[in-house]
Every structure is written in structure tokens, then in C-alpha cells.
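Structure data follow from run-v9.csv (CSV, C-alpha atoms and all ligand atoms):
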```csv
chain,number,residue,atom,x,y,z
A,10,VAL,CA,0.0,0.0,0.0
A,11,GLY,CA,2.7,2.5,1.0
A,12,GLY,CA,5.9,3.4,-0.7
A,13,PRO,CA,9.1,1.6,0.5
A,14,GLN,CA,10.1,4.3,3.0
A,15,VAL,CA,6.7,4.1,4.6
A,16,ARG,CA,6.6,0.3,4.7
A,17,ASN,CA,9.9,0.3,6.5
A,18,MET,CA,9.4,3.1,9.0
A,19,ALA,CA,5.8,4.3,9.4
A,20,THR,CA,3.2,3.1,11.9
A,21,VAL,CA,-0.4,2.3,11.3
A,22,GLY,CA,-1.3,4.8,14.1
A,23,GLY,CA,0.5,7.5,12.2
A,24,ASN,CA,-1.3,6.7,8.9
A,25,LEU,CA,-4.7,7.3,10.6
A,26,PHE,CA,-3.6,10.9,11.2
A,27,ALA,CA,-1.7,11.5,8.0
A,28,ALA,CA,-2.8,14.7,6.2
A,29,HIS,CA,-4.4,14.7,2.7
A,30,PRO,CA,-3.4,13.2,0.3
A,31,TYR,CA,-1.8,10.5,2.5
A,32,GLY,CA,-3.7,7.8,4.3
A,33,ASP,CA,-3.9,4.9,1.8
A,34,PHE,CA,-3.8,2.2,4.5
A,35,THR,CA,-6.5,4.1,6.4
A,36,ALA,CA,-8.8,3.8,3.4
A,37,ALA,CA,-8.3,0.0,3.4
A,38,LEU,CA,-9.0,-0.2,7.1
A,39,LEU,CA,-12.3,1.8,6.6
A,40,ALA,CA,-13.5,-0.6,4.0
A,41,LEU,CA,-12.7,-3.6,6.3
A,42,GLY,CA,-14.8,-2.0,9.1
A,43,ALA,CA,-11.9,-1.4,11.5
A,44,ARG,CA,-12.5,-0.2,15.0
A,45,VAL,CA,-10.0,1.9,17.0
A,46,VAL,CA,-9.3,1.7,20.7
A,47,ALA,CA,-7.9,4.9,22.3
A,48,VAL,CA,-6.1,4.8,25.6
A,49,GLY,CA,-8.7,4.5,28.4
A,50,GLN,CA,-11.6,4.3,26.0
A,51,GLY,CA,-13.6,1.5,24.3
A,52,ALA,CA,-13.5,0.5,20.7
A,53,ARG,CA,-15.3,2.7,18.2
A,54,PRO,CA,-15.6,2.7,14.4
A,55,LEU,CA,-12.7,4.2,12.5
A,56,GLU,CA,-15.1,6.6,10.7
A,57,ASP,CA,-15.9,8.2,14.1
A,58,LEU,CA,-12.3,8.9,14.7
A,59,LEU,CA,-11.8,10.4,11.2
A,60,ARG,CA,-14.7,12.8,11.7
A,61,ASP,CA,-12.9,14.5,14.6
A,62,ARG,CA,-9.2,13.6,14.4
A,63,GLY,CA,-8.0,16.8,16.0
A,64,ARG,CA,-9.4,15.8,19.4
A,65,ALA,CA,-8.4,12.1,19.4
A,66,ALA,CA,-6.5,10.5,22.2
A,67,LEU,CA,-3.5,8.2,21.7
A,68,ILE,CA,-4.7,5.1,19.7
A,69,ALA,CA,-3.6,2.0,21.5
A,70,SER,CA,-4.9,-0.7,19.1
A,71,ILE,CA,-6.9,-1.3,16.0
A,72,GLU,CA,-9.3,-4.2,15.5
A,73,VAL,CA,-9.8,-5.4,12.0
A,74,PRO,CA,-12.4,-8.0,11.2
A,75,ARG,CA,-10.9,-10.7,8.9
A,76,PRO,CA,-12.9,-11.0,5.7
A,77,ARG,CA,-14.7,-14.3,5.4
A,78,ASN,CA,-13.5,-14.6,1.8
A,79,PRO,CA,-10.3,-12.7,1.0
A,80,ALA,CA,-11.5,-12.4,-2.6
A,81,ASP,CA,-14.3,-10.0,-1.4
A,82,PHE,CA,-11.6,-7.4,-0.6
A,83,ALA,CA,-9.7,-5.3,-3.2
A,84,PHE,CA,-7.5,-2.2,-3.1
A,85,ALA,CA,-6.1,0.1,-5.7
A,86,LYS,CA,-3.7,3.0,-5.4
A,87,VAL,CA,-3.7,5.4,-8.3
A,88,SER,CA,-0.4,7.4,-8.6
A,89,ARG,CA,1.6,9.0,-11.3
A,90,ILE,CA,4.9,7.5,-10.1
A,91,LYS,CA,5.2,3.9,-9.0
A,92,PRO,CA,5.7,2.4,-6.4
A,93,LYS,CA,6.2,5.4,-4.2
A,94,GLY,CA,4.2,8.2,-5.8
A,95,VAL,CA,1.7,10.2,-3.8
A,96,SER,CA,-1.9,9.1,-4.4
A,97,VAL,CA,-4.2,10.8,-6.9
A,98,LEU,CA,-6.6,8.7,-5.1
A,99,SER,CA,-6.9,5.2,-3.5
A,100,ILE,CA,-9.9,2.9,-3.4
A,101,ALA,CA,-10.7,0.0,-1.0
A,102,VAL,CA,-13.7,-2.2,-1.4
A,103,HIS,CA,-15.1,-5.0,0.7
A,104,LEU,CA,-18.1,-6.7,-0.9
A,105,PRO,CA,-19.2,-9.8,1.1
A,106,ARG,CA,-21.6,-11.8,-1.0
A,107,GLU,CA,-24.4,-14.2,-0.1
A,108,GLY,CA,-26.0,-16.2,-2.8
A,109,GLY,CA,-24.3,-14.0,-5.4
A,110,ARG,CA,-25.7,-10.8,-3.9
A,111,ILE,CA,-23.6,-8.1,-2.1
A,112,ARG,CA,-24.5,-7.9,1.6
A,113,GLY,CA,-22.8,-5.2,3.7
A,114,ALA,CA,-20.9,-3.3,1.0
A,115,ARG,CA,-18.1,-1.0,2.3
A,116,VAL,CA,-16.3,1.2,-0.2
A,117,ALA,CA,-13.7,3.8,0.9
A,118,PHE,CA,-11.6,6.4,-1.0
A,119,GLY,CA,-8.4,8.0,0.0
A,120,ALA,CA,-7.5,11.6,-1.2
A,121,MET,CA,-11.1,12.3,-2.2
A,122,GLY,CA,-11.8,14.5,0.8
A,123,PRO,CA,-10.0,16.0,3.8
A,124,THR,CA,-9.6,12.4,5.3
A,125,PRO,CA,-10.1,8.9,3.9
A,126,LEU,CA,-13.9,8.4,3.7
A,127,ARG,CA,-16.6,6.0,2.7
A,128,ALA,CA,-18.4,6.4,-0.6
A,129,ALA,CA,-22.0,6.2,0.7
A,130,ALA,CA,-23.6,6.6,-2.8
A,131,VAL,CA,-21.5,3.8,-4.2
A,132,GLU,CA,-22.4,1.5,-1.3
A,133,ARG,CA,-26.1,2.2,-1.8
A,134,VAL,CA,-25.9,1.2,-5.4
A,135,LEU,CA,-24.0,-2.0,-4.7
A,136,GLU,CA,-26.0,-3.2,-1.7
A,137,GLY,CA,-28.2,-6.2,-2.5
A,138,GLN,CA,-27.0,-6.5,-6.1
A,139,ALA,CA,-25.0,-9.0,-8.1
A,140,LEU,CA,-21.6,-7.6,-9.1
A,141,ASP,CA,-22.5,-7.6,-12.8
A,142,ALA,CA,-21.8,-5.1,-15.6
A,143,ALA,CA,-24.9,-3.0,-15.1
A,144,THR,CA,-24.3,-2.7,-11.3
A,145,ILE,CA,-20.7,-1.8,-11.9
A,146,ALA,CA,-21.6,0.9,-14.4
A,147,ARG,CA,-24.2,2.4,-12.0
A,148,ALA,CA,-21.6,2.4,-9.2
A,149,ALA,CA,-19.0,4.1,-11.4
A,150,GLN,CA,-21.5,6.8,-12.3
A,151,VAL,CA,-22.0,7.9,-8.6
A,152,ALA,CA,-18.4,7.4,-7.6
A,153,SER,CA,-17.7,11.0,-6.5
A,154,GLU,CA,-21.3,11.8,-5.5
A,155,GLY,CA,-21.3,13.7,-2.2
A,156,LEU,CA,-17.5,13.9,-2.2
A,157,ASP,CA,-15.5,17.2,-2.3
A,158,PRO,CA,-11.9,16.2,-3.2
A,159,PRO,CA,-9.2,18.9,-2.7
A,160,THR,CA,-7.0,20.3,-5.3
A,161,ASP,CA,-3.2,19.9,-4.6
A,162,ALA,CA,0.1,19.5,-6.5
A,163,ILE,CA,-0.8,15.9,-7.5
A,164,ALA,CA,-4.3,16.5,-9.1
A,165,SER,CA,-7.1,19.0,-9.2
A,166,ALA,CA,-10.4,18.4,-7.6
A,167,TRP,CA,-11.9,18.3,-11.1
A,168,TYR,CA,-9.5,15.6,-12.3
A,169,ARG,CA,-10.1,13.5,-9.1
A,170,ARG,CA,-13.8,13.6,-9.7
A,171,GLU,CA,-13.4,12.7,-13.4
A,172,VAL,CA,-11.2,9.6,-12.8
A,173,ALA,CA,-12.7,8.2,-9.6
A,174,GLY,CA,-15.4,6.4,-11.5
A,175,VAL,CA,-13.0,5.0,-14.1
A,176,HIS,CA,-10.7,3.5,-11.4
A,177,LEU,CA,-13.6,2.2,-9.3
A,178,ARG,CA,-15.1,0.5,-12.4
A,179,ARG,CA,-11.8,-1.2,-13.2
A,180,LEU,CA,-11.4,-2.4,-9.6
A,181,LEU,CA,-15.0,-3.8,-9.5
A,182,GLU,CA,-14.6,-5.5,-12.9
A,183,ARG,CA,-11.5,-7.3,-11.5
A,184,MET,CA,-13.6,-8.4,-8.5
A,185,GLY,CA,-16.6,-9.4,-10.6
A,186,GLY,CA,-14.6,-12.1,-12.3
A,187,ARG,CA,-13.8,-13.8,-8.9
B,1,LIG,C1,8.6,9.4,1.9
B,1,LIG,C2,7.2,9.3,2.3
B,1,LIG,C3,6.3,8.5,1.6
B,1,LIG,C4,5.0,8.3,2.0
B,1,LIG,N1,4.2,7.5,1.2
B,1,LIG,C5,3.0,7.2,1.6
B,1,LIG,C6,2.1,6.3,0.9
B,1,LIG,O1,2.5,5.7,-0.1
B,1,LIG,N2,0.9,6.1,1.4
B,1,LIG,C7,0.4,6.8,2.5
B,1,LIG,O2,-0.7,6.5,2.9
B,1,LIG,N3,1.2,7.6,3.2
B,1,LIG,C8,2.4,7.9,2.8
B,1,LIG,N4,3.2,8.8,3.5
B,1,LIG,C9,2.6,9.4,4.7
B,1,LIG,C10,2.7,8.4,5.8
B,1,LIG,O3,1.5,7.6,5.7
B,1,LIG,C11,2.7,8.9,7.1
B,1,LIG,O4,3.7,9.8,7.2
B,1,LIG,C12,2.9,7.8,8.1
B,1,LIG,O5,1.9,6.7,8.0
B,1,LIG,C13,2.9,8.3,9.4
B,1,LIG,O6,3.4,7.3,10.3
B,1,LIG,P1,4.4,7.6,11.4
B,1,LIG,O7,4.5,6.4,12.3
B,1,LIG,O8,5.7,8.2,10.9
B,1,LIG,O9,3.6,8.8,12.2
B,1,LIG,P2,4.1,10.2,12.7
B,1,LIG,O10,4.6,11.0,11.5
B,1,LIG,O11,5.0,9.9,13.8
B,1,LIG,O12,2.7,10.8,13.2
B,1,LIG,C14,1.8,11.3,12.3
B,1,LIG,C15,0.7,12.0,13.2
B,1,LIG,O13,-0.1,11.0,13.9
B,1,LIG,C16,0.0,11.1,15.3
B,1,LIG,N5,0.0,9.8,15.8
B,1,LIG,C17,0.9,8.8,15.5
B,1,LIG,N6,0.6,7.6,16.1
B,1,LIG,C18,-0.5,7.9,16.8
B,1,LIG,C19,-1.3,7.1,17.7
B,1,LIG,N7,-1.0,5.8,18.0
B,1,LIG,N8,-2.4,7.7,18.3
B,1,LIG,C20,-2.7,9.0,18.1
B,1,LIG,N9,-1.9,9.8,17.3
B,1,LIG,C21,-0.9,9.3,16.7
B,1,LIG,C22,1.2,11.9,15.5
B,1,LIG,O14,1.1,12.7,16.7
B,1,LIG,C23,1.3,12.9,14.3
B,1,LIG,O15,0.4,14.0,14.5
B,1,LIG,C24,4.5,9.0,3.1
B,1,LIG,C25,5.3,9.8,3.9
B,1,LIG,C26,6.7,9.9,3.5
B,1,LIG,C27,7.6,10.8,4.3
```
Mind turning this structure into C-alpha cells?
Amino acid sequence: VGGPQVRNMATVGGNLFAAHPYGDFTAALLALGARVVAVGQGARPLEDLLRDRGRAALIASIEVPRPRNPADFAFAKVSRIKPKGVSVLSIAVHLPREGGRIRGARVAFGAMGPTPLRAAAVERVLEGQALDAATIARAAQVASEGLDPPTDAIASAWYRREVAGVHLRRLLERMGGR
């Protein structure tokens, strides 16, 4: 997920607090439904922490549910320079399926807002559906709905909105074949 320097040195705790456009791993944790435990507090959903990071206490541990089927999870980092380029955006998707239908869709973007965040519109489109071409096309259409990506030296907000659906579609097509 991270570049070589980050894989060698950085902590997961630090990634939760990395400023935009960083936080690729946090996007993956969001899609997996991770819960964070701050010192002296109980576990709470990662999205709660991300809503108010400025007032967070020291994070002591992170609980990450293991996907029942590893093939239900996928991640993509979109960067101009590989492997250590800063993200244009990152996408993490967890789509558990029962009887061929998606149950409990979780889709998260990195670099598409001030912090990594869930793509609620995409999740609504995917929930209860089979991962077929029509569903994937509808999900790609709403990829940046409700999101307000920043402009920075890597990409403009306009560019991020334009390409989010393209990369989401490619990722879902890869998963659809599994
Ligand atoms: C060369 C380079 C390449 C990078 N590449 C990537 C990349 O590919 N993908 C990506 O996502 N990011 C990337 N980053 C950013 C990187 O994710 C973060 O810098 C890193 O994860 C932070 O980890 P750290 O342990 O160094 O945290 P620090 O820099 O030590 O801390 C970051 C912030 O988090 C707070 N913090 C740290 N741990 C905790 C805790 N347990 N509880 C509460 N607060 C805490 C600190 O107080 C600080 O405010 C890159 C950074 C560099 C320098």
C-alpha cells in the first residue's frame, strides 16, 4: 500500500492521522470495518475517529475483522509515479456476497476528501445487487457523489472527480470475475 520508506518506518497509528493526500492504508481499514481503541476508551468505528481527528487521544490498538473470503476485498492506489508516488486517489472495497448478492458493501476512498472516507452513494448502489456489468456501471456513475476532493500539487479536484469512477469501475470489474 505505502511506498518503500513508509513500509519500513511508518506506523499504522500515524497513517490514521496523515494529512491529505496520504492515508492509503486508512482507506483499506475503513473498507474492512476497522475499530480503533484509544487509551482509556472502548472500541469505536474508525469513521468516528476520522470525523474528529483533532481531538483524538492516543490510539492503542486497531481491531480489523478478517474478511470471510479474501477475494471479497480489493485495493487500488492510483499514482503517477510507481511504487512510491503520492496518491491521486486510493480505493478500497469490501463486498461480502451471499447467494451471489452483495450484503454489507463497504467502499472507501483516500484523497477524495479531507480524510479517507466512505463512498456512501456507491455503497447504496452495490448493496443487495449481483456484481454484474450493469451494477458496476451504476456504481462508477456515482463514484464521486457527495465527495469534495481537494486540489493539490498531484491533481485538481476536477481531475479526481473525473477519474474516480474509471478506477472504481476497473477495480470492481476485477472483483466481478472472482
Ligand atoms: C517518503 C514518504 C512516503 C509516503 N508514502 C505514503 C504512501 O505511499 N501512502 C500513505 O498513505 N502515506 C504515505 N506517506 C505518509 C505516511 O503515511 C505517514 O507519514 C505515516 O503513516 C505516518 O506514520 P508515522 O509512524 O511516521 O507517524 P508520525 O509522522 O510519527 O505521526 C503522524 C501524526 O499521527 C499522530 N500519531 C501517530 N501515532 C498515533 C497514535 N497511535 N495515536 C494518536 N496519534 C498518533 C502523531 O502525533 C502525528 O500527528 C508517506 C510519507 C513519506 C515521508
Around ligand LIG 1 (chain B), which protein and nucleic acid residues have at least one atom no more than 7 Å from it, if we count only C-alpha atoms and all ligand atoms? List them as a PDB file with C-alpha atoms, in the coordinates of the input.
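The resulting part35.pdb:
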```pdb
ATOM      1  CA  VAL A  10       0.000   0.000   0.000  1.00  0.00           C
ATOM      2  CA  GLY A  11       2.700   2.500   1.000  1.00  0.00           C
ATOM      3  CA  GLY A  12       5.900   3.400  -0.700  1.00  0.00           C
ATOM      4  CA  GLN A  14      10.100   4.300   3.000  1.00  0.00           C
ATOM      5  CA  VAL A  15       6.700   4.100   4.600  1.00  0.00           C
ATOM      6  CA  MET A  18       9.400   3.100   9.000  1.00  0.00           C
ATOM      7  CA  ALA A  19       5.800   4.300   9.400  1.00  0.00           C
ATOM      8  CA  THR A  20       3.200   3.100  11.900  1.00  0.00           C
ATOM      9  CA  VAL A  21      -0.400   2.300  11.300  1.00  0.00           C
ATOM     10  CA  GLY A  22      -1.300   4.800  14.100  1.00  0.00           C
ATOM     11  CA  GLY A  23       0.500   7.500  12.200  1.00  0.00           C
ATOM     12  CA  ASN A  24      -1.300   6.700   8.900  1.00  0.00           C
ATOM     13  CA  LEU A  25      -4.700   7.300  10.600  1.00  0.00           C
ATOM     14  CA  PHE A  26      -3.600  10.900  11.200  1.00  0.00           C
ATOM     15  CA  ALA A  27      -1.700  11.500   8.000  1.00  0.00           C
ATOM     16  CA  TYR A  31      -1.800  10.500   2.500  1.00  0.00           C
ATOM     17  CA  GLY A  32      -3.700   7.800   4.300  1.00  0.00           C
ATOM     18  CA  ASP A  33      -3.900   4.900   1.800  1.00  0.00           C
ATOM     19  CA  PHE A  34      -3.800   2.200   4.500  1.00  0.00           C
ATOM     20  CA  ALA A  65      -8.400  12.100  19.400  1.00  0.00           C
ATOM     21  CA  ALA A  66      -6.500  10.500  22.200  1.00  0.00           C
ATOM     22  CA  LEU A  67      -3.500   8.200  21.700  1.00  0.00           C
ATOM     23  CA  ILE A  68      -4.700   5.100  19.700  1.00  0.00           C
ATOM     24  CA  ALA A  69      -3.600   2.000  21.500  1.00  0.00           C
ATOM     25  CA  LYS A  93       6.200   5.400  -4.200  1.00  0.00           C
ATOM     26  CA  GLY A  94       4.200   8.200  -5.800  1.00  0.00           C
ATOM     27  CA  VAL A  95       1.700  10.200  -3.800  1.00  0.00           C
TER      28      VAL A  95
END
```
Can you work out which one of A:Gln150, A:Thr124, A:Thr35, A:Ser70 has the shortest atom-to-atom distance to Phe84 (chain A), counting only C-alpha atoms?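 Closest to Phe84 (chain A) of all the choices is A:Thr35.
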Closest to Gly63 (chain A) among A:Val46, A:Val87, A:Ala28, A:Leu104, using all atoms listed in the file? A:Ala28
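Nearest residue to Asp81 (chain A), choosing from A:Arg147, A:Arg183, A:Arg133, A:Arg62 and counting all atoms listed in the file: A:Arg183.
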Restrict the calculation to only C-alpha atoms, then for each residue of region 21-117 of chain A with any atom at most 7 Å from an atom of region 134-141 of chain A give the closest atom pair and their distance in Å to one decimal, rows by chain and rising residue number, as a Markdown table.
```
| residue | atom | partner | partner_atom | distance |
| --- | --- | --- | --- | --- |
| A:Gly109 | CA | A:Ala139 | CA | 5.7 |
| A:Arg110 | CA | A:Ala139 | CA | 4.6 |
| A:Ile111 | CA | A:Gly137 | CA | 5.0 |
| A:Arg112 | CA | A:Gly137 | CA | 5.8 |
| A:Gly113 | CA | A:Glu136 | CA | 6.6 |
| A:Ala114 | CA | A:Glu136 | CA | 5.8 |
```
Could you save the residues just selected, with C-alpha atoms, as a short mmCIF file (atom, residue, chain, number, x, y, z; two decimals), in the frame of the given file?
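Output file out.cif follows:
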```
data_model
loop_
_atom_site.label_atom_id
_atom_site.label_comp_id
_atom_site.auth_asym_id
_atom_site.auth_seq_id
_atom_site.Cartn_x
_atom_site.Cartn_y
_atom_site.Cartn_z
CA GLY A 109 -24.30 -14.00 -5.40
CA ARG A 110 -25.70 -10.80 -3.90
CA ILE A 111 -23.60 -8.10 -2.10
CA ARG A 112 -24.50 -7.90 1.60
CA GLY A 113 -22.80 -5.20 3.70
CA ALA A 114 -20.90 -3.30 1.00
#
```
Neighbourhood query: residues within 10 Å of (-13.7, 3.0, -14.8), file coordinates, counting all atoms listed in the file; return as a PDB file with C-alpha atoms, in the coordinates of the input.
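Result file is result_37.pdb:
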```
ATOM      1  CA  ILE A 145     -20.700  -1.800 -11.900  1.00  0.00           C
ATOM      2  CA  ALA A 146     -21.600   0.900 -14.400  1.00  0.00           C
ATOM      3  CA  ALA A 148     -21.600   2.400  -9.200  1.00  0.00           C
ATOM      4  CA  ALA A 149     -19.000   4.100 -11.400  1.00  0.00           C
ATOM      5  CA  GLN A 150     -21.500   6.800 -12.300  1.00  0.00           C
ATOM      6  CA  ALA A 152     -18.400   7.400  -7.600  1.00  0.00           C
ATOM      7  CA  GLU A 171     -13.400  12.700 -13.400  1.00  0.00           C
ATOM      8  CA  VAL A 172     -11.200   9.600 -12.800  1.00  0.00           C
ATOM      9  CA  ALA A 173     -12.700   8.200  -9.600  1.00  0.00           C
ATOM     10  CA  GLY A 174     -15.400   6.400 -11.500  1.00  0.00           C
ATOM     11  CA  VAL A 175     -13.000   5.000 -14.100  1.00  0.00           C
ATOM     12  CA  HIS A 176     -10.700   3.500 -11.400  1.00  0.00           C
ATOM     13  CA  LEU A 177     -13.600   2.200  -9.300  1.00  0.00           C
ATOM     14  CA  ARG A 178     -15.100   0.500 -12.400  1.00  0.00           C
ATOM     15  CA  ARG A 179     -11.800  -1.200 -13.200  1.00  0.00           C
ATOM     16  CA  LEU A 180     -11.400  -2.400  -9.600  1.00  0.00           C
ATOM     17  CA  LEU A 181     -15.000  -3.800  -9.500  1.00  0.00           C
ATOM     18  CA  GLU A 182     -14.600  -5.500 -12.900  1.00  0.00           C
TER      19      GLU A 182
END
```
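The shortest atom-to-atom distance to Leu59 (chain A), with all atoms listed in the file taken into account, belongs to A:Arg127 out of A:Arg127, A:Lys91, A:Arg106, A:Arg16.
Proximity to Trp167 (chain A) was assessed for A:Ser153, A:Arg115, A:Pro79, A:Val131 counting all atoms listed in the file; the smallest distance is recorded for A:Ser153.
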Using only C-alpha atoms, which residues sit within 12 Å of His29 (chain A) once same-chain residues fewer than 5 positions away are excluded, as a PyMOL selection string? chain A and resi 24+35-36+95-99+118-126+158-164
Nearest residue to Pro105 (chain A) from the set A:Pro92, A:Pro13, A:Pro30, A:Gly185 (distances using only C-alpha atoms):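 Using only C-alpha atoms, Pro105 (chain A) sits closest to A:Gly185.
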Tell me, as a count of residues only, which residues lie within 7 Å of Ile71 (chain A), counting all atoms listed in the file; anything in the same chain fewer than 2 positions away does not count. 5
Between CA of Leu156 (chain A) and CA of Ala128 (chain A), measure the distance and give it in Å to one decimal.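 Distance between the two atoms: 7.7 Å.
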Report, in Å to a single decimal, how far apart CA of Leu41 (chain A) and CA of Gly108 (chain A) are. 20.5 Å
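Separating CA of Asp157 (chain A) from CA of Arg170 (chain A) is a distance of 8.4 Å.
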